[in-house]
Every structure is written in structure tokens, then in C-alpha cells.
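Chemist: Structure file protein_13.cif (mmCIF, C-alpha atoms) right here:
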data_final
loop_
_atom_site.label_atom_id
_atom_site.label_comp_id
_atom_site.auth_asym_id
_atom_site.auth_seq_id
_atom_site.Cartn_x
_atom_site.Cartn_y
_atom_site.Cartn_z
CA MET F 1 28.12 151.79 -3.92
CA ALA F 2 30.24 148.81 -4.99
CA LYS F 3 33.49 149.50 -6.81
CA THR F 4 33.44 148.29 -10.42
CA SER F 5 36.58 146.47 -11.45
CA MET F 6 37.87 146.35 -14.99
CA PRO F 7 38.36 142.96 -16.67
CA HIS F 8 41.94 143.93 -17.60
CA SER F 9 44.37 146.82 -17.48
CA GLY F 10 43.48 149.72 -19.77
CA HIS F 11 39.89 148.57 -20.32
CA ASN F 12 38.63 152.03 -19.36
CA ARG F 13 39.89 153.35 -22.73
CA HIS F 14 38.59 150.46 -24.87
CA LEU F 15 35.76 151.12 -27.31
CA CYS F 16 33.54 148.37 -25.88
CA TYR F 17 33.68 150.04 -22.46
CA LEU F 18 33.29 153.56 -23.88
CA ASN F 19 30.26 152.48 -25.95
CA ASN F 20 28.61 151.03 -22.85
CA LEU F 21 29.02 154.45 -21.21
CA GLY F 22 27.43 156.19 -24.20
CA PHE F 23 30.69 157.94 -25.11
CA GLN F 24 29.85 157.83 -28.83
CA ILE F 25 26.72 159.88 -28.08
CA SER F 26 28.08 162.28 -25.49
CA ASN F 27 31.44 162.85 -27.24
CA PRO F 28 30.93 162.16 -30.95
CA LYS F 29 33.96 164.15 -32.14
CA GLN F 30 36.35 162.37 -29.77
CA TYR F 31 34.81 159.00 -30.66
CA LYS F 32 35.26 159.69 -34.38
CA ASP F 33 38.91 160.53 -33.71
CA LEU F 34 39.35 157.08 -32.12
CA VAL F 35 37.88 155.19 -35.08
CA ARG F 36 38.94 157.41 -38.01
CA ASN F 37 41.51 155.69 -40.26
CA ALA F 38 40.99 152.45 -38.37
CA ARG F 39 43.91 150.04 -38.61
CA PHE F 40 42.88 147.49 -35.97
CA LEU F 41 39.93 145.18 -35.35
CA CYS F 42 38.93 143.72 -31.98
CA LYS F 43 38.73 139.91 -32.10
CA ILE F 44 36.09 139.99 -29.34
CA CYS F 45 33.55 142.67 -30.28
CA GLY F 46 34.41 143.45 -33.91
CA ARG F 47 34.87 147.17 -33.36
CA VAL F 48 37.63 148.98 -35.25
CA ALA F 49 40.03 151.65 -34.02
CA ALA F 50 43.00 153.66 -35.19
CA SER F 51 45.09 152.50 -32.20
CA PRO F 52 45.37 149.01 -30.71
CA ARG F 53 45.23 150.51 -27.20
CA ASN F 54 41.51 151.20 -27.72
CA LEU F 55 40.57 147.52 -28.22
CA CYS F 56 40.63 144.46 -25.96
CA LYS F 57 42.08 141.98 -28.47
CA PRO F 58 43.38 144.01 -31.42
CA VAL F 59 44.54 142.51 -34.70
CA ALA F 60 45.86 144.52 -37.63
CA LEU F 61 43.48 145.03 -40.55
#
Can you turn what I pasted into C-alpha cells?
Modeler:
Amino acid sequence: MAKTSMPHSGHNRHLCYLNNLGFQISNPKQYKDLVRNARFLCKICGRVAASPRNLCKPVAL
């Protein structure tokens, strides 16, 4: 099996990556914790998160 590389450091904890894995379905409570009281928006995908570390290109809301 080929090793999958991440497009940038920390991408494995970004919401776009987690959504592609189905994290929001398999871990709904943890996903809600990531987005509850969102203060940041991703300039790439438009998702929102409480912490900028969970987005590729975060900007403050």
C-alpha cells in the first residue's frame, strides 16, 4: 500500500481531512467539540472551528 502524504504539517487534525475520513459520523461528540463556539473560518473550504489549528487557512470570524 502506498503511503499517503499530507499536503502540509498538521493536516491530519484539520476538519477537511477529518470529514473525508467520516469523523463527523463516527465521532459526533468529538466533532461537535471541535466546531462548538466557532471563532475561525477556513478560507479554503469554508468550515468553521473553535481553534485555528483545525483549519488549513484559518481567519478569525
Chemist: Here is a test: counting only C-alpha atoms, which residue of F:Ser51, F:His8, F:Cys45, F:Asn20 is nearest to F:Asp33?
Modeler: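 Counting only C-alpha atoms, the residue closest to F:Asp33 is F:Ser51.
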Chemist: Within 8 Å of (31.8, 149.3, -30.3) (file coordinates; only C-alpha atoms), which protein or nucleic acid residues are there? I'd like them as a PyMOL selection string.
Modeler: chain F and resi 15-16+18-19+45-48
Chemist: Using all atoms listed in the file, can you tell me which of F:Gly22, F:Leu61, F:Pro28, F:Cys56 comes closest to F:Phe40?
Modeler: F:Leu61
Chemist: Fewer than 5 positions away in the same chain doesn't count, so skip those; otherwise give me all residues within 8 Å of stretch 9-14 of chain F, counting all atoms listed in the file, as a list in words.
Modeler: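 Neighbouring residues, sequence-local ones excluded: Arg53, Asn54, Leu55 and Cys56 of chain F.
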Chemist: Written as a list in words, which residues does the PyMOL selection byres ((chain F and resi 37) around 6) give for the file shown?
Modeler: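 Against this file, the PyMOL selection byres ((chain F and resi 37) around 6) returns the residues Arg36, Ala38 and Ala50 of chain F.
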Chemist: So that I have them on file, write out the residues from the current selection with C-alpha atoms, as a PDB file, in the frame of the given file.
Modeler:
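Result went into out.pdb, see below:
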ATOM      1  CA  ARG F  36      38.940 157.410 -38.010  1.00  0.00           C
ATOM      2  CA  ALA F  38      40.990 152.450 -38.370  1.00  0.00           C
ATOM      3  CA  ALA F  50      43.000 153.660 -35.190  1.00  0.00           C
TER       4      ALA F  50
END
